[in-house]
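Novice: The structure file upload-v9.pdb (PDB, C-alpha atoms, pLDDT in the B column) is provided below.
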```pdb
ATOM      1  CA  MET A   1       5.681  20.636 -12.519  1.00 53.00           C
ATOM      2  CA  SER A   2       8.520  18.285 -11.549  1.00 68.00           C
ATOM      3  CA  LYS A   3       7.814  14.632 -10.880  1.00 86.00           C
ATOM      4  CA  LYS A   4       7.757  13.818  -7.158  1.00 95.00           C
ATOM      5  CA  ILE A   5      10.045  10.864  -6.504  1.00 97.00           C
ATOM      6  CA  LEU A   6      10.733   9.270  -3.120  1.00 98.00           C
ATOM      7  CA  THR A   7      13.932   7.283  -2.717  1.00 98.00           C
ATOM      8  CA  THR A   8      14.530   4.760   0.046  1.00 98.00           C
ATOM      9  CA  PRO A   9      15.520   5.195   2.791  1.00 97.00           C
ATOM     10  CA  ILE A  10      12.673   7.711   2.920  1.00 98.00           C
ATOM     11  CA  GLN A  11      13.073  10.636   5.319  1.00 96.00           C
ATOM     12  CA  ASN A  12      10.279  12.155   7.431  1.00 96.00           C
ATOM     13  CA  GLU A  13      10.895  15.585   5.890  1.00 96.00           C
ATOM     14  CA  GLU A  14      10.123  14.242   2.422  1.00 95.00           C
ATOM     15  CA  LEU A  15       6.793  12.824   3.560  1.00 97.00           C
ATOM     16  CA  GLU A  16       5.716  15.869   5.535  1.00 96.00           C
ATOM     17  CA  SER A  17       5.644  17.937   2.337  1.00 94.00           C
ATOM     18  CA  LEU A  18       3.100  15.570   0.744  1.00 97.00           C
ATOM     19  CA  ALA A  19      -0.682  15.839   0.905  1.00 97.00           C
ATOM     20  CA  ILE A  20      -3.530  13.510   0.008  1.00 97.00           C
ATOM     21  CA  GLY A  21      -4.132  13.476  -3.726  1.00 96.00           C
ATOM     22  CA  ASP A  22      -0.475  14.072  -4.600  1.00 97.00           C
ATOM     23  CA  ILE A  23       1.017  11.759  -7.227  1.00 97.00           C
ATOM     24  CA  ILE A  24       4.418  10.288  -6.424  1.00 98.00           C
ATOM     25  CA  TYR A  25       6.869   7.660  -7.674  1.00 98.00           C
ATOM     26  CA  LEU A  26       9.304   5.412  -5.811  1.00 98.00           C
ATOM     27  CA  ASN A  27      12.962   4.577  -6.338  1.00 98.00           C
ATOM     28  CA  GLY A  28      14.787   2.036  -4.227  1.00 98.00           C
ATOM     29  CA  TYR A  29      13.403  -0.864  -2.232  1.00 98.00           C
ATOM     30  CA  LEU A  30       9.842  -2.150  -2.298  1.00 98.00           C
ATOM     31  CA  VAL A  31       8.991  -5.280  -0.297  1.00 98.00           C
ATOM     32  CA  SER A  32       5.758  -7.223  -0.781  1.00 98.00           C
ATOM     33  CA  SER A  33       4.071  -7.665   2.597  1.00 97.00           C
ATOM     34  CA  ARG A  34       0.461  -8.696   2.939  1.00 96.00           C
ATOM     35  CA  ASP A  35      -1.808 -10.691   5.288  1.00 96.00           C
ATOM     36  CA  ASP A  36       0.497 -13.479   6.478  1.00 97.00           C
ATOM     37  CA  VAL A  37       3.525 -11.221   6.898  1.00 98.00           C
ATOM     38  CA  HIS A  38       1.501  -8.861   9.082  1.00 98.00           C
ATOM     39  CA  GLN A  39       0.126 -11.748  11.131  1.00 97.00           C
ATOM     40  CA  ARG A  40       3.541 -13.309  11.672  1.00 98.00           C
ATOM     41  CA  LEU A  41       4.899 -10.070  13.088  1.00 98.00           C
ATOM     42  CA  ILE A  42       1.897  -8.849  15.086  1.00 97.00           C
ATOM     43  CA  LYS A  43       0.103 -12.043  16.149  1.00 96.00           C
ATOM     44  CA  GLN A  44       2.918 -14.581  16.195  1.00 97.00           C
ATOM     45  CA  HIS A  45       5.649 -12.129  17.279  1.00 97.00           C
ATOM     46  CA  LYS A  46       8.145 -13.443  14.746  1.00 97.00           C
ATOM     47  CA  GLN A  47      11.009 -11.177  13.766  1.00 97.00           C
ATOM     48  CA  LEU A  48      10.854 -10.058  10.158  1.00 98.00           C
ATOM     49  CA  PRO A  49      13.711 -11.331   7.994  1.00 98.00           C
ATOM     50  CA  VAL A  50      13.841  -7.962   6.191  1.00 97.00           C
ATOM     51  CA  ASP A  51      14.640  -4.569   7.715  1.00 98.00           C
ATOM     52  CA  LEU A  52      11.795  -2.283   6.640  1.00 98.00           C
ATOM     53  CA  ALA A  53      12.993   0.904   8.336  1.00 98.00           C
ATOM     54  CA  GLY A  54      12.730   3.776   5.869  1.00 98.00           C
ATOM     55  CA  LYS A  55      11.445   1.445   3.176  1.00 98.00           C
ATOM     56  CA  ALA A  56       8.177   0.812   1.344  1.00 98.00           C
ATOM     57  CA  ILE A  57       5.892  -2.213   1.380  1.00 98.00           C
ATOM     58  CA  PHE A  58       3.466  -3.341  -1.296  1.00 98.00           C
ATOM     59  CA  HIS A  59       0.191  -5.028  -0.375  1.00 98.00           C
ATOM     60  CA  ALA A  60       0.489  -7.417  -3.310  1.00 96.00           C
ATOM     61  CA  GLY A  61       0.721 -11.065  -4.324  1.00 93.00           C
ATOM     62  CA  PRO A  62       3.110 -11.198  -7.263  1.00 95.00           C
ATOM     63  CA  ILE A  63       3.541 -13.820  -9.956  1.00 96.00           C
ATOM     64  CA  MET A  64       7.245 -14.644 -10.129  1.00 96.00           C
ATOM     65  CA  GLN A  65       9.235 -16.815 -12.522  1.00 95.00           C
ATOM     66  CA  GLU A  66      12.521 -18.442 -11.608  1.00 94.00           C
ATOM     67  CA  ILE A  67      15.244 -17.417 -14.066  1.00 92.00           C
ATOM     68  CA  ALA A  68      16.465 -20.358 -16.160  1.00 91.00           C
ATOM     69  CA  GLY A  69      19.890 -21.550 -15.107  1.00 90.00           C
ATOM     70  CA  GLN A  70      19.898 -19.312 -12.012  1.00 90.00           C
ATOM     71  CA  PRO A  71      18.399 -21.228  -9.076  1.00 89.00           C
ATOM     72  CA  GLY A  72      16.877 -18.923  -6.490  1.00 89.00           C
ATOM     73  CA  ARG A  73      16.802 -15.945  -8.859  1.00 94.00           C
ATOM     74  CA  TYR A  74      13.445 -14.582 -10.006  1.00 96.00           C
ATOM     75  CA  ARG A  75      11.872 -12.028 -12.295  1.00 95.00           C
ATOM     76  CA  VAL A  76       8.452 -10.441 -11.903  1.00 96.00           C
ATOM     77  CA  ILE A  77       5.760 -11.446 -14.371  1.00 96.00           C
ATOM     78  CA  SER A  78       2.918  -9.521 -12.760  1.00 95.00           C
ATOM     79  CA  ILE A  79       2.410  -7.696  -9.484  1.00 95.00           C
ATOM     80  CA  GLY A  80      -0.946  -6.061  -8.887  1.00 92.00           C
ATOM     81  CA  PRO A  81      -2.090  -4.478  -5.621  1.00 95.00           C
ATOM     82  CA  THR A  82      -4.142  -6.299  -2.995  1.00 94.00           C
ATOM     83  CA  THR A  83      -6.937  -4.580  -1.042  1.00 96.00           C
ATOM     84  CA  SER A  84      -5.131  -2.642   1.672  1.00 97.00           C
ATOM     85  CA  MET A  85      -8.070  -2.658   4.091  1.00 97.00           C
ATOM     86  CA  ARG A  86      -7.333  -6.336   4.797  1.00 96.00           C
ATOM     87  CA  MET A  87      -4.272  -5.152   6.728  1.00 97.00           C
ATOM     88  CA  GLU A  88      -6.098  -2.413   8.641  1.00 97.00           C
ATOM     89  CA  LYS A  89      -6.219  -4.178  12.020  1.00 96.00           C
ATOM     90  CA  TYR A  90      -2.460  -4.744  11.984  1.00 97.00           C
ATOM     91  CA  GLU A  91      -1.051  -1.746  10.130  1.00 98.00           C
ATOM     92  CA  LYS A  92      -0.637   0.802  12.920  1.00 98.00           C
ATOM     93  CA  GLU A  93       1.385  -1.612  15.039  1.00 98.00           C
ATOM     94  CA  PHE A  94       3.223  -2.830  11.935  1.00 98.00           C
ATOM     95  CA  ILE A  95       4.353   0.740  11.227  1.00 98.00           C
ATOM     96  CA  ALA A  96       5.402   1.213  14.850  1.00 98.00           C
ATOM     97  CA  GLN A  97       7.467  -1.970  14.983  1.00 98.00           C
ATOM     98  CA  THR A  98       9.146  -1.732  11.582  1.00 98.00           C
ATOM     99  CA  GLY A  99       9.721   1.965  10.948  1.00 98.00           C
ATOM    100  CA  LEU A 100       8.408   1.647   7.373  1.00 98.00           C
ATOM    101  CA  LYS A 101       7.510   4.900   5.659  1.00 98.00           C
ATOM    102  CA  LEU A 102       5.321   4.011   2.696  1.00 98.00           C
ATOM    103  CA  MET A 103       2.519   1.497   2.241  1.00 98.00           C
ATOM    104  CA  VAL A 104       1.165   0.868  -1.250  1.00 98.00           C
ATOM    105  CA  GLY A 105      -1.988  -1.050  -2.096  1.00 97.00           C
ATOM    106  CA  LYS A 106      -5.467  -0.953  -3.589  1.00 96.00           C
ATOM    107  CA  GLY A 107      -8.247   1.116  -2.060  1.00 94.00           C
ATOM    108  CA  GLY A 108      -8.104   3.081   1.155  1.00 94.00           C
ATOM    109  CA  MET A 109      -7.338   2.274   4.772  1.00 97.00           C
ATOM    110  CA  GLY A 110      -9.065   3.232   8.002  1.00 96.00           C
ATOM    111  CA  GLN A 111      -8.685   5.409  11.065  1.00 96.00           C
ATOM    112  CA  ASP A 112      -6.149   3.202  12.849  1.00 97.00           C
ATOM    113  CA  THR A 113      -3.732   3.334   9.921  1.00 98.00           C
ATOM    114  CA  ALA A 114      -4.318   7.084   9.618  1.00 98.00           C
ATOM    115  CA  ALA A 115      -3.428   7.426  13.300  1.00 98.00           C
ATOM    116  CA  GLY A 116      -0.288   5.363  12.733  1.00 98.00           C
ATOM    117  CA  CYS A 117       0.736   7.544   9.788  1.00 98.00           C
ATOM    118  CA  ARG A 118       0.234  10.664  11.889  1.00 98.00           C
ATOM    119  CA  GLU A 119       2.102   9.331  14.927  1.00 98.00           C
ATOM    120  CA  TYR A 120       5.036   7.676  13.161  1.00 98.00           C
ATOM    121  CA  LYS A 121       5.303   9.852  10.024  1.00 98.00           C
ATOM    122  CA  ALA A 122       4.332   7.428   7.269  1.00 98.00           C
ATOM    123  CA  ILE A 123       1.949   7.534   4.305  1.00 98.00           C
ATOM    124  CA  HIS A 124      -0.332   5.189   2.404  1.00 98.00           C
ATOM    125  CA  ALA A 125      -0.620   5.413  -1.367  1.00 98.00           C
ATOM    126  CA  VAL A 126      -2.750   3.726  -4.003  1.00 98.00           C
ATOM    127  CA  PHE A 127      -1.404   1.995  -7.101  1.00 96.00           C
ATOM    128  CA  PRO A 128      -3.912   1.860  -9.999  1.00 90.00           C
ATOM    129  CA  GLY A 129      -5.799  -1.412 -10.258  1.00 83.00           C
ATOM    130  CA  GLY A 130      -5.469  -3.411 -13.463  1.00 85.00           C
ATOM    131  CA  CYS A 131      -1.883  -2.291 -14.058  1.00 87.00           C
ATOM    132  CA  ALA A 132       0.000  -5.319 -12.728  1.00 91.00           C
ATOM    133  CA  VAL A 133       2.252  -5.591 -15.775  1.00 90.00           C
ATOM    134  CA  LEU A 134       3.101  -1.876 -15.585  1.00 89.00           C
ATOM    135  CA  ALA A 135       4.153  -2.433 -11.975  1.00 92.00           C
ATOM    136  CA  ALA A 136       6.309  -5.400 -12.993  1.00 95.00           C
ATOM    137  CA  ASN A 137       8.061  -3.283 -15.608  1.00 94.00           C
ATOM    138  CA  SER A 138       9.177  -0.876 -12.868  1.00 95.00           C
ATOM    139  CA  VAL A 139      11.046  -3.632 -11.018  1.00 97.00           C
ATOM    140  CA  GLU A 140      14.751  -3.534 -11.892  1.00 97.00           C
ATOM    141  CA  GLU A 141      15.655  -6.625  -9.894  1.00 97.00           C
ATOM    142  CA  VAL A 142      14.252  -9.109  -7.399  1.00 97.00           C
ATOM    143  CA  GLU A 143      17.095  -9.137  -4.892  1.00 97.00           C
ATOM    144  CA  ALA A 144      15.774 -11.728  -2.444  1.00 97.00           C
ATOM    145  CA  VAL A 145      12.752 -13.676  -1.257  1.00 97.00           C
ATOM    146  CA  GLU A 146      11.987 -14.469   2.378  1.00 97.00           C
ATOM    147  CA  TRP A 147       9.344 -16.688   3.970  1.00 98.00           C
ATOM    148  CA  LEU A 148       8.688 -18.513   0.717  1.00 96.00           C
ATOM    149  CA  ASP A 149       7.104 -21.234   2.867  1.00 96.00           C
ATOM    150  CA  LEU A 150       4.029 -18.968   2.928  1.00 97.00           C
ATOM    151  CA  GLY A 151       3.643 -19.445  -0.822  1.00 96.00           C
ATOM    152  CA  MET A 152       4.424 -17.130  -3.693  1.00 96.00           C
ATOM    153  CA  PRO A 153       1.678 -14.521  -3.053  1.00 96.00           C
ATOM    154  CA  GLU A 154       2.366 -14.192   0.687  1.00 97.00           C
ATOM    155  CA  ALA A 155       6.180 -14.326   0.720  1.00 98.00           C
ATOM    156  CA  MET A 156       8.327 -11.222   1.225  1.00 98.00           C
ATOM    157  CA  TRP A 157       9.779 -10.330  -2.162  1.00 98.00           C
ATOM    158  CA  VAL A 158      12.556  -7.749  -1.883  1.00 98.00           C
ATOM    159  CA  MET A 159      12.509  -5.719  -5.085  1.00 98.00           C
ATOM    160  CA  ARG A 160      14.536  -2.780  -6.318  1.00 98.00           C
ATOM    161  CA  VAL A 161      12.330  -0.439  -8.328  1.00 98.00           C
ATOM    162  CA  LYS A 162      12.779   2.566 -10.607  1.00 97.00           C
ATOM    163  CA  GLU A 163      10.053   5.221 -10.780  1.00 96.00           C
ATOM    164  CA  PHE A 164       7.443   2.793  -9.473  1.00 97.00           C
ATOM    165  CA  GLY A 165       4.063   4.428  -9.872  1.00 95.00           C
ATOM    166  CA  PRO A 166       2.030   6.477 -10.338  1.00 96.00           C
ATOM    167  CA  LEU A 167       1.057   6.345  -6.678  1.00 97.00           C
ATOM    168  CA  ILE A 168      -1.757   8.509  -5.301  1.00 97.00           C
ATOM    169  CA  VAL A 169      -1.262   9.586  -1.677  1.00 98.00           C
ATOM    170  CA  SER A 170      -4.386   8.482   0.196  1.00 98.00           C
ATOM    171  CA  ILE A 171      -3.231   9.043   3.808  1.00 98.00           C
ATOM    172  CA  ASP A 172      -0.656  11.703   4.640  1.00 98.00           C
ATOM    173  CA  THR A 173       1.509  12.315   7.716  1.00 98.00           C
ATOM    174  CA  ARG A 174      -1.199  14.533   9.222  1.00 97.00           C
ATOM    175  CA  GLY A 175      -3.662  11.650   9.169  1.00 96.00           C
ATOM    176  CA  ASN A 176      -5.793  13.122   6.381  1.00 97.00           C
ATOM    177  CA  ASN A 177      -7.617  10.325   4.572  1.00 97.00           C
ATOM    178  CA  LEU A 178      -8.564  10.828   0.920  1.00 95.00           C
ATOM    179  CA  PHE A 179     -11.016   7.930   0.773  1.00 89.00           C
ATOM    180  CA  GLU A 180     -12.826   8.912   3.980  1.00 87.00           C
ATOM    181  CA  ASN A 181     -13.057  12.521   2.850  1.00 85.00           C
ATOM    182  CA  ASN A 182     -14.499  11.421  -0.487  1.00 81.00           C
ATOM    183  CA  LYS A 183     -17.044   9.154   1.232  1.00 78.00           C
ATOM    184  CA  LYS A 184     -18.334  12.085   3.279  1.00 79.00           C
ATOM    185  CA  ALA A 185     -18.575  14.331   0.209  1.00 77.00           C
ATOM    186  CA  PHE A 186     -20.318  11.642  -1.854  1.00 76.00           C
ATOM    187  CA  ASN A 187     -22.804  10.890   0.942  1.00 73.00           C
ATOM    188  CA  LEU A 188     -23.755  14.550   1.222  1.00 75.00           C
ATOM    189  CA  LYS A 189     -24.436  14.670  -2.524  1.00 77.00           C
ATOM    190  CA  LYS A 190     -26.275  11.342  -2.400  1.00 77.00           C
ATOM    191  CA  GLU A 191     -28.736  12.449   0.276  1.00 77.00           C
ATOM    192  CA  ALA A 192     -29.891  15.444  -1.732  1.00 77.00           C
ATOM    193  CA  ILE A 193     -30.158  13.410  -4.951  1.00 81.00           C
ATOM    194  CA  VAL A 194     -32.115  10.594  -3.280  1.00 80.00           C
ATOM    195  CA  GLU A 195     -34.477  13.108  -1.711  1.00 78.00           C
ATOM    196  CA  GLU A 196     -35.112  14.708  -5.106  1.00 78.00           C
ATOM    197  CA  ILE A 197     -35.697  11.338  -6.786  1.00 81.00           C
ATOM    198  CA  CYS A 198     -38.167  10.268  -4.095  1.00 78.00           C
ATOM    199  CA  ARG A 199     -40.299  13.330  -4.756  1.00 79.00           C
ATOM    200  CA  HIS A 200     -40.827  12.143  -8.335  1.00 81.00           C
ATOM    201  CA  VAL A 201     -41.215   8.382  -7.789  1.00 79.00           C
ATOM    202  CA  ASP A 202     -44.482   6.695  -6.939  1.00 70.00           C
ATOM    203  CA  TYR A 203     -44.180   3.350  -5.178  1.00 61.00           C
ATOM    204  CA  LEU A 204     -46.513   0.419  -5.835  1.00 57.00           C
ATOM    205  CA  GLU A 205     -48.407  -0.785  -2.791  1.00 56.00           C
TER     206      GLU A 205
END
```
Take the structure I supplied and represent it as structure tokens, if you would.

Specialist:
Amino acid sequence: MSKKILTTPIQNEELESLAIGDIIYLNGYLVSSRDDVHQRLIKQHKQLPVDLAGKAIFHAGPIMQEIAGQPGRYRVISIGPTTSMRMEKYEKEFIAQTGLKLMVGKGGMGQDTAAGCREYKAIHAVFPGGCAVLAANSVEEVEAVEWLDLGMPEAMWVMRVKEFGPLIVSIDTRGNNLFENNKKAFNLKKEAIVEEICRHVDYLE
């Protein structure tokens, strides 16, 4: 089976062929965008300094190191995913306003983001936790940093990546949600197991 690689700018047709559970990789531009970036756009109505149309964002707070002798130039030391659900209340509108096509983070997202992915043809994918150095190794170059006044973790780091991944599709363009589906399946199994355990357990009174 060939490796599925998305390249920015990502086209709707590429995303529509993907389904939850698929494993993909990313070439091109990946821009870190987490809590403060979302709030500046949605709550404070500030224009983003980076055009995200057709691009990918990473819910992440990287550790960067300025390159010796090159002021304003950085390399990535570590960049692990942040919990995506923190952006849930902003993400649908964020997708609508920016035209981004891929969100990457840790854990799943909710029904509003799923609705945004369905309406605007975008996807959410999960990067494995605990692999921050692996992620850093996929970054070919840090091309720019914007809103550094927010601090290193919250700034917008514009990175060019090569085969960034593996990424597991957790919400597809049809609004299917891998994490929500799994929760339902696990709960159905849990109810039967708990019922069976209770038949064999005697409680102290």

Novice: Can you tell me, as a list in words, what residues are no more than 6 Å from Leu100 (chain A) when counting all atoms listed in the file, ignoring any on the same chain fewer than 4 positions away?

Specialist: Leu52, Ala53, Gly54, Lys55 and Ile95 of chain A

Novice: Quick one: everything within 8 Å of Glu91 (chain A), counting all atoms listed in the file, minus sequence neighbours fewer than 4 positions away in the same chain. Send it as a PyMOL selection string.

Specialist: chain A and resi 38+87+95+112-113+116

Novice: Using only C-alpha atoms, which of the listed residues (A:Asp35, A:Ala125, A:Leu41, A:Cys117) sits closest to Phe179 (chain A)?

Specialist: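 Smallest separation from Phe179 (chain A) among the options: A:Ala125.
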
Novice: Would you list the contacts of Gly28 (chain A) as a PDB file with C-alpha atoms, in the frame of the given file, taking every protein, DNA or RNA residue within 9 Å and counting all atoms listed in the file, but skipping same-chain residues closer than 5 positions in sequence?

Specialist:
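Everything below was put into around-v3.pdb:
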```
ATOM      1  CA  LEU A   6      10.733   9.270  -3.120  1.00 98.00           C
ATOM      2  CA  THR A   7      13.932   7.283  -2.717  1.00 98.00           C
ATOM      3  CA  THR A   8      14.530   4.760   0.046  1.00 98.00           C
ATOM      4  CA  PRO A   9      15.520   5.195   2.791  1.00 97.00           C
ATOM      5  CA  LYS A  55      11.445   1.445   3.176  1.00 98.00           C
ATOM      6  CA  ALA A  56       8.177   0.812   1.344  1.00 98.00           C
ATOM      7  CA  MET A 159      12.509  -5.719  -5.085  1.00 98.00           C
ATOM      8  CA  ARG A 160      14.536  -2.780  -6.318  1.00 98.00           C
ATOM      9  CA  VAL A 161      12.330  -0.439  -8.328  1.00 98.00           C
ATOM     10  CA  LYS A 162      12.779   2.566 -10.607  1.00 97.00           C
ATOM     11  CA  GLU A 163      10.053   5.221 -10.780  1.00 96.00           C
TER      12      GLU A 163
END
```

Novice: At what distance in Å, to one decimal, does CA of Glu14 (chain A) lie from CA of Phe164 (chain A)?

Specialist: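 That distance, rounded to one decimal, is 16.7 Å.
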
Novice: Taking 2 positions as the minimum chain separation for residues in the same chain, which residues sit within 12 Å of Pro166 (chain A) when counting only C-alpha atoms? Answer as a list in words.

Specialist: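 Listed by chain and then number, they are Lys3, Lys4, Ile5, Leu6, Gly21, Asp22, Ile23, Ile24, Tyr25, Leu26, Asn27, Val104, Gly105, Ala125, Val126, Phe127, Pro128, Gly129, Cys131, Leu134, Ala135, Ser138, Lys162, Glu163, Phe164, Ile168 and Val169 of chain A.
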
Novice: Emit as AutoDock Vina command-line options the padded axis-aligned box for all listed atoms of region 132-146 of chain A, 8 Å per side, with centre and edge lengths in Å to one decimal.

Specialist:
```
--center_x 8.5 --center_y -7.7 --center_z -6.7 --size_x 33.1 --size_y 29.6 --size_z 34.2
```

Novice: What do you get, as a count of residues only, if you spell out every residue that the PyMOL selection byres ((chain A and resi 20) around 12) selects here?

Specialist: 31

Novice: When you draw a straight line from CA of Gln97 (chain A) to CA of Ala132 (chain A), how long is it in Å?

Specialist: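 So the two atoms, CA of Gln97 (chain A) and CA of Ala132 (chain A), lie 28.9 Å apart.
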
Novice: Which one of A:Pro62, A:Phe94, A:Arg75, A:Glu140 sits closest to His45 (chain A) if you count all atoms listed in the file?

Specialist: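 Among the listed residues, A:Phe94 lies closest to His45 (chain A).
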
Novice: Can you work out which one of A:Glu93, A:Glu191, A:Asp36, A:Asp51 has the shortest atom-to-atom distance to Tyr120 (chain A), counting only C-alpha atoms?

Specialist: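 Looking at the shortest contact to Tyr120 (chain A), the residue is A:Glu93.
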
Novice: Between A:Gln70, A:Gln111, A:Cys198, A:Ser78, which has the minimum distance to Tyr90 (chain A) (counting all atoms listed in the file)?

Specialist: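 Using all atoms listed in the file, Tyr90 (chain A) sits closest to A:Gln111.
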
Novice: Find the distance between CA of Met156 (chain A) and CA of Lys43 (chain A) and write it in Å to one decimal.

Specialist: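 Separation of CA of Met156 (chain A) and CA of Lys43 (chain A): 17.1 Å.
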
Novice: Let me know the residues the PyMOL selection byres ((chain A and resi 151-155) around 8) catches in the file above, as a count of residues only.

Specialist: 19

Novice: May I ask which of the residues A:Glu195, A:Met85, A:Gly165, A:Gln39 is the closest one to Val133 (chain A), counting only C-alpha atoms?

Specialist: A:Gly165
